[in-house]
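Heads up: the structure comes next, in structure tokens.
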Amino acid sequence: MSGLNLDDFASLIERPDAVVRRDAEERRERLAPRPGALGRLDELGEWLAAGQGSVPVKPIERPRVLLFAGDHGVASLGVSGGPETGAQELVRAALAGESAAAILARRFGAGLRVVDMALDCDPDTFPEDVTRHRVRRGSGRIDVEDALTAEEAEQAFRTGMAVADEEADSGTDLVVLGDLSVGGTTAAGTLIGALCGTDASVVTGRGSAGIDDLAWMRKCAAIRDALRRARPVLGDQLQLLAAVGGADLAATTGFLLQSAVRRTPVILDGVVATACALVAQRVAFRGPDWWLAGQASGDPAQAKALDRMALNPLLDHGVTVGEGTGALLALPLVQAAAALAAELPERS
């Protein structure tokens with residue numbers, strides 16, 4: 001890919017400050033209640049302090065829900081339980097404040113942003129601030145053709161980087177990262193299966209809408225065929241995203257890497273965001289130090305990818321709706337960890 005060297009991310013991404021983390025741990029030893037009594041909230045508070053470079057930790061005041069949107073050609077095979085009209089219906093509900101994620105974001109005081117990368121609809125359907133980054137109308141059918149051209153993959157990846165810079169520059173201090181897609185979990189399963197070296201059946205889930213057995217078999221066959229196309233390009237992550245990813249997944253991967261460069265913490269939602277995180281880890285091994293797994297979605301591919309990255313989900317409530325919803329439920333937990341780490345008094 002011209003002009004974009006992914007190897008640079010390995011040196012640009014630094015680990016959260018280990019010295020600050022030790023200071024946060026020592027401060028926690030002096031706080032009430034006793035160390036360990038708050039369980040994982042202690043770990044979250046120390047992780048935030050290290051990322052911020054601040055003891056005591058600063059409160060999470062400007063969280064943002066970010067949803068990359070796109071349609072996937074593979075959905076035409078009947079592998080998804082998403083709306084037949086495509087992801088535009090999901091986008092419309094989110095923008096109207098009527099989706100589960102939009103309702104929770106409003107309740108938790110988080111801004112919500114939708115970025116159209118490859119919706120299969122007229123760009124005039126939605127406001128210009130949603131569609132201005134669109135790369136193409138729908139991504140290719142990955143079982144028989146590339147999702148994107150090389151140029152489109154680079155454009156989408158760079159868009160994700162630019163959005164990460166926009167969020168960091170605007171003062172966003174935590175991102176809840178999800179997707180609005182139809183067919184996206186098939187692409188995600190393919191990426192995870194390819195990177196983990198597993199068979200299609202191991203990484204084929206039932207998606208956010210819970211497809212039936214026949215649809216699951218069609219999805220498994222699509223992932224099997226896409227895996228054959230993915231394996232020859234495993235050494236180049238941009239080529240991999242072009243072959244079997246999609247514009248929304250390429251943008252999400254670029255966003256994750258640039259957010260780590262900008263030291264912006266991210267809560268991952270479901271299997272799509274997790275697949276992109278696994279691709280990003282291949283690019284820069286320190287990347288996962290800046291990410292939290294918001295929830296276990298029940299998707300086998302997500303579980304495999306999280307295990308590979310050593311990320312332990314914060315929640316497991318059986319939430320499968322996607323669209324950032326499960327990760328949003330973890331947001332108050334992270335905010336609580338920051339508040340307690342900052343405001344609990346020291347023992348006399």
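In the structure tokens, chains take letters A, B, ... by order of appearance, with residues numbered from 1 within each chain and ligands from 1 in the order shown.
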Fewer than 4 positions away in the same chain doesn't count, so skip those; otherwise give me all residues within 9 Å of Arg27 (chain A), counting only C-alpha atoms, as a JSON list (two decimals) with N, CA, C and O atoms, in the first residue's frame.
```json
[["chain", "number", "residue", "atom", "x", "y", "z"],
["A", 22, "ARG", "N", 2.59, 1.94, 39.23],
["A", 22, "ARG", "CA", 3.09, 1.55, 40.56],
["A", 22, "ARG", "C", 2.69, 2.59, 41.60],
["A", 22, "ARG", "O", 2.33, 2.24, 42.74],
["A", 23, "ASP", "N", 2.75, 3.88, 41.23],
["A", 23, "ASP", "CA", 2.32, 4.93, 42.15],
["A", 23, "ASP", "C", 0.83, 4.77, 42.49],
["A", 23, "ASP", "O", 0.42, 4.95, 43.65],
["A", 31, "LEU", "N", -5.66, 3.53, 50.81],
["A", 31, "LEU", "CA", -7.05, 3.96, 50.78],
["A", 31, "LEU", "C", -7.94, 3.01, 51.57],
["A", 31, "LEU", "O", -7.61, 1.86, 51.82],
["A", 55, "VAL", "N", -1.79, 10.36, 38.87],
["A", 55, "VAL", "CA", -2.23, 9.84, 40.17],
["A", 55, "VAL", "C", -2.54, 11.03, 41.06],
["A", 55, "VAL", "O", -1.67, 11.87, 41.27],
["A", 56, "PRO", "N", -3.76, 11.14, 41.58],
["A", 56, "PRO", "CA", -4.87, 10.21, 41.37],
["A", 56, "PRO", "C", -5.43, 10.29, 39.96],
["A", 56, "PRO", "O", -5.19, 11.26, 39.25],
["A", 341, "ALA", "N", -11.05, 5.53, 42.72],
["A", 341, "ALA", "CA", -9.59, 5.68, 42.82],
["A", 341, "ALA", "C", -9.20, 7.11, 43.12],
["A", 341, "ALA", "O", -8.22, 7.38, 43.81],
["A", 346, "GLU", "N", -7.69, 8.51, 52.18],
["A", 346, "GLU", "CA", -6.62, 7.65, 52.69],
["A", 346, "GLU", "C", -6.87, 7.34, 54.15],
["A", 346, "GLU", "O", -7.44, 8.14, 54.91]]
```
Region 23-71 of chain A: residues DSSP assigns to alpha helix (DSSP H), reported as a PyMOL selection string: chain A and resi 23-29+40-52
Could you write out that same residue set with N, CA and C atoms as a CSV table (one decimal), in the first residue's frame?
```csv
chain,number,residue,atom,x,y,z
A,23,ASP,N,2.7,3.9,41.2
A,23,ASP,CA,2.3,4.9,42.2
A,23,ASP,C,0.8,4.8,42.5
A,24,ALA,N,0.0,4.4,41.5
A,24,ALA,CA,-1.4,4.2,41.7
A,24,ALA,C,-1.6,3.0,42.6
A,25,GLU,N,-0.9,2.0,42.4
A,25,GLU,CA,-1.0,0.8,43.3
A,25,GLU,C,-0.6,1.1,44.7
A,26,GLU,N,0.5,1.9,44.9
A,26,GLU,CA,0.9,2.3,46.3
A,26,GLU,C,-0.2,3.2,46.9
A,27,ARG,N,-0.7,4.1,46.1
A,27,ARG,CA,-1.8,4.9,46.7
A,27,ARG,C,-3.0,4.1,47.1
A,28,ARG,N,-3.3,3.1,46.3
A,28,ARG,CA,-4.5,2.2,46.6
A,28,ARG,C,-4.2,1.5,48.0
A,29,GLU,N,-3.0,1.2,48.3
A,29,GLU,CA,-2.7,0.5,49.5
A,29,GLU,C,-3.0,1.4,50.7
A,40,ARG,N,-12.2,-6.0,40.9
A,40,ARG,CA,-11.6,-5.5,39.6
A,40,ARG,C,-11.6,-4.0,39.4
A,41,LEU,N,-12.4,-3.3,40.2
A,41,LEU,CA,-12.4,-1.9,40.2
A,41,LEU,C,-11.0,-1.3,40.5
A,42,ASP,N,-10.3,-2.0,41.4
A,42,ASP,CA,-8.9,-1.5,41.7
A,42,ASP,C,-8.0,-1.6,40.4
A,43,GLU,N,-8.1,-2.7,39.7
A,43,GLU,CA,-7.3,-2.9,38.5
A,43,GLU,C,-7.7,-1.9,37.5
A,44,LEU,N,-9.0,-1.6,37.3
A,44,LEU,CA,-9.4,-0.6,36.3
A,44,LEU,C,-8.9,0.8,36.7
A,45,GLY,N,-8.9,1.1,37.9
A,45,GLY,CA,-8.5,2.4,38.3
A,45,GLY,C,-7.0,2.6,38.1
A,46,GLU,N,-6.2,1.6,38.3
A,46,GLU,CA,-4.8,1.6,38.1
A,46,GLU,C,-4.5,1.6,36.6
A,47,TRP,N,-5.3,0.9,35.8
A,47,TRP,CA,-5.1,0.9,34.4
A,47,TRP,C,-5.3,2.3,33.8
A,48,LEU,N,-6.4,3.0,34.3
A,48,LEU,CA,-6.7,4.3,33.8
A,48,LEU,C,-5.6,5.3,34.2
A,49,ALA,N,-5.1,5.2,35.5
A,49,ALA,CA,-4.1,6.1,35.9
A,49,ALA,C,-2.8,5.9,35.0
A,50,ALA,N,-2.4,4.7,34.7
A,50,ALA,CA,-1.3,4.5,33.9
A,50,ALA,C,-1.5,5.1,32.5
A,51,GLY,N,-2.7,4.9,31.9
A,51,GLY,CA,-3.0,5.5,30.6
A,51,GLY,C,-3.0,7.0,30.6
A,52,GLN,N,-3.5,7.6,31.7
A,52,GLN,CA,-3.6,9.0,31.8
A,52,GLN,C,-2.2,9.6,32.2
```
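Of the listed residues A:Ala251, A:Ala243, A:Ala296, A:Val321, the one whose atoms come nearest to Gln155 (chain A) is A:Ala251, with distances taken using only C-alpha atoms.
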Which residues, written as a PyMOL selection string, have at least one atom at most 9 Å from Gly193 (chain A), with only C-alpha atoms counted and residues fewer than 5 positions away on the same chain left out? chain A and resi 188+198-200+202-204+223+227+301+304-305
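Interatomic distance, CA of Leu306 (chain A) to CA of Phe255 (chain A): 18.3 Å.
Around Asp165 (chain A), within 9 Å and counting only C-alpha atoms, the residues found are Gly160, Met161, Ala162, Val163, Glu167, Ala168, Asp169, Ser170, Phe255, Gln258, Ser259 and Arg262 of chain A, once anything fewer than 2 positions away on its own chain is removed.
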N, CA, C and O atoms of the current selection, written as a PDB file, in the first residue's frame:
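part.pdb was written with the following content:
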```
ATOM      1  N   GLY A 160     -10.073   5.788   9.633  1.00  0.00           N
ATOM      2  CA  GLY A 160     -10.090   5.416  11.043  1.00  0.00           C
ATOM      3  C   GLY A 160      -9.050   6.176  11.842  1.00  0.00           C
ATOM      4  O   GLY A 160      -9.313   6.635  12.964  1.00  0.00           O
ATOM      5  N   MET A 161      -7.856   6.312  11.285  1.00  0.00           N
ATOM      6  CA  MET A 161      -6.807   7.089  11.962  1.00  0.00           C
ATOM      7  C   MET A 161      -7.231   8.544  12.153  1.00  0.00           C
ATOM      8  O   MET A 161      -7.038   9.129  13.225  1.00  0.00           O
ATOM      9  N   ALA A 162      -7.811   9.123  11.106  1.00  0.00           N
ATOM     10  CA  ALA A 162      -8.236  10.525  11.185  1.00  0.00           C
ATOM     11  C   ALA A 162      -9.330  10.714  12.233  1.00  0.00           C
ATOM     12  O   ALA A 162      -9.332  11.705  12.981  1.00  0.00           O
ATOM     13  N   VAL A 163     -10.272   9.772  12.306  1.00  0.00           N
ATOM     14  CA  VAL A 163     -11.335   9.866  13.310  1.00  0.00           C
ATOM     15  C   VAL A 163     -10.746   9.767  14.713  1.00  0.00           C
ATOM     16  O   VAL A 163     -11.181  10.473  15.635  1.00  0.00           O
ATOM     17  N   GLU A 167     -11.191  12.638  17.602  1.00  0.00           N
ATOM     18  CA  GLU A 167     -11.713  12.390  18.944  1.00  0.00           C
ATOM     19  C   GLU A 167     -10.719  12.829  20.017  1.00  0.00           C
ATOM     20  O   GLU A 167     -11.092  13.462  21.005  1.00  0.00           O
ATOM     21  N   ALA A 168      -9.453  12.493  19.828  1.00  0.00           N
ATOM     22  CA  ALA A 168      -8.443  12.884  20.813  1.00  0.00           C
ATOM     23  C   ALA A 168      -8.331  14.410  20.892  1.00  0.00           C
ATOM     24  O   ALA A 168      -8.248  14.986  21.988  1.00  0.00           O
ATOM     25  N   ASP A 169      -8.347  15.065  19.747  1.00  0.00           N
ATOM     26  CA  ASP A 169      -8.205  16.523  19.724  1.00  0.00           C
ATOM     27  C   ASP A 169      -9.415  17.227  20.333  1.00  0.00           C
ATOM     28  O   ASP A 169      -9.301  18.343  20.850  1.00  0.00           O
ATOM     29  N   SER A 170     -10.587  16.584  20.281  1.00  0.00           N
ATOM     30  CA  SER A 170     -11.794  17.204  20.816  1.00  0.00           C
ATOM     31  C   SER A 170     -11.951  16.974  22.322  1.00  0.00           C
ATOM     32  O   SER A 170     -12.903  17.480  22.924  1.00  0.00           O
ATOM     33  N   PHE A 255      -8.541   3.033  13.438  1.00  0.00           N
ATOM     34  CA  PHE A 255      -8.933   3.815  14.613  1.00  0.00           C
ATOM     35  C   PHE A 255      -8.272   3.277  15.881  1.00  0.00           C
ATOM     36  O   PHE A 255      -7.758   4.044  16.709  1.00  0.00           O
ATOM     37  N   GLN A 258      -4.437   4.136  15.929  1.00  0.00           N
ATOM     38  CA  GLN A 258      -4.149   5.559  16.141  1.00  0.00           C
ATOM     39  C   GLN A 258      -4.617   6.015  17.521  1.00  0.00           C
ATOM     40  O   GLN A 258      -3.987   6.891  18.136  1.00  0.00           O
ATOM     41  N   SER A 259      -5.697   5.441  18.045  1.00  0.00           N
ATOM     42  CA  SER A 259      -6.121   5.770  19.409  1.00  0.00           C
ATOM     43  C   SER A 259      -5.058   5.363  20.414  1.00  0.00           C
ATOM     44  O   SER A 259      -4.822   6.069  21.406  1.00  0.00           O
ATOM     45  N   ARG A 262      -2.410   7.896  20.367  1.00  0.00           N
ATOM     46  CA  ARG A 262      -2.855   9.111  21.049  1.00  0.00           C
ATOM     47  C   ARG A 262      -3.202   8.865  22.515  1.00  0.00           C
ATOM     48  O   ARG A 262      -3.668   9.766  23.201  1.00  0.00           O
TER      49      ARG A 262
END
```
Show me a table, sorted first by chain and then by increasing residue number, of the residues of region 114-219 of chain A having an atom at most 7 Å from region 85-105 of chain A, each with its shortest atom pair and the distance in Å to one decimal, counting only C-alpha atoms and written as a tab-separated table.
```
residue	atom	partner	partner_atom	distance
A:Leu119	CA	A:Gln88	CA	6.5
A:Asp120	CA	A:Gly86	CA	6.9
A:Leu180	CA	A:Ala87	CA	6.1
A:Ser181	CA	A:Ala87	CA	5.1
A:Val182	CA	A:Ala87	CA	5.5
```
Go ahead and write the residues just picked, C-alpha atoms, as a PDB file, in the first residue's frame.
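Output saved as result.pdb:
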```pdb
ATOM      1  CA  LEU A 119     -23.588   1.621   3.666  1.00  0.00           C
ATOM      2  CA  ASP A 120     -25.509   0.236   0.694  1.00  0.00           C
ATOM      3  CA  LEU A 180     -23.543  -0.986  12.716  1.00  0.00           C
ATOM      4  CA  SER A 181     -23.306  -3.643  10.048  1.00  0.00           C
ATOM      5  CA  VAL A 182     -25.140  -6.444   8.279  1.00  0.00           C
TER       6      VAL A 182
END
```
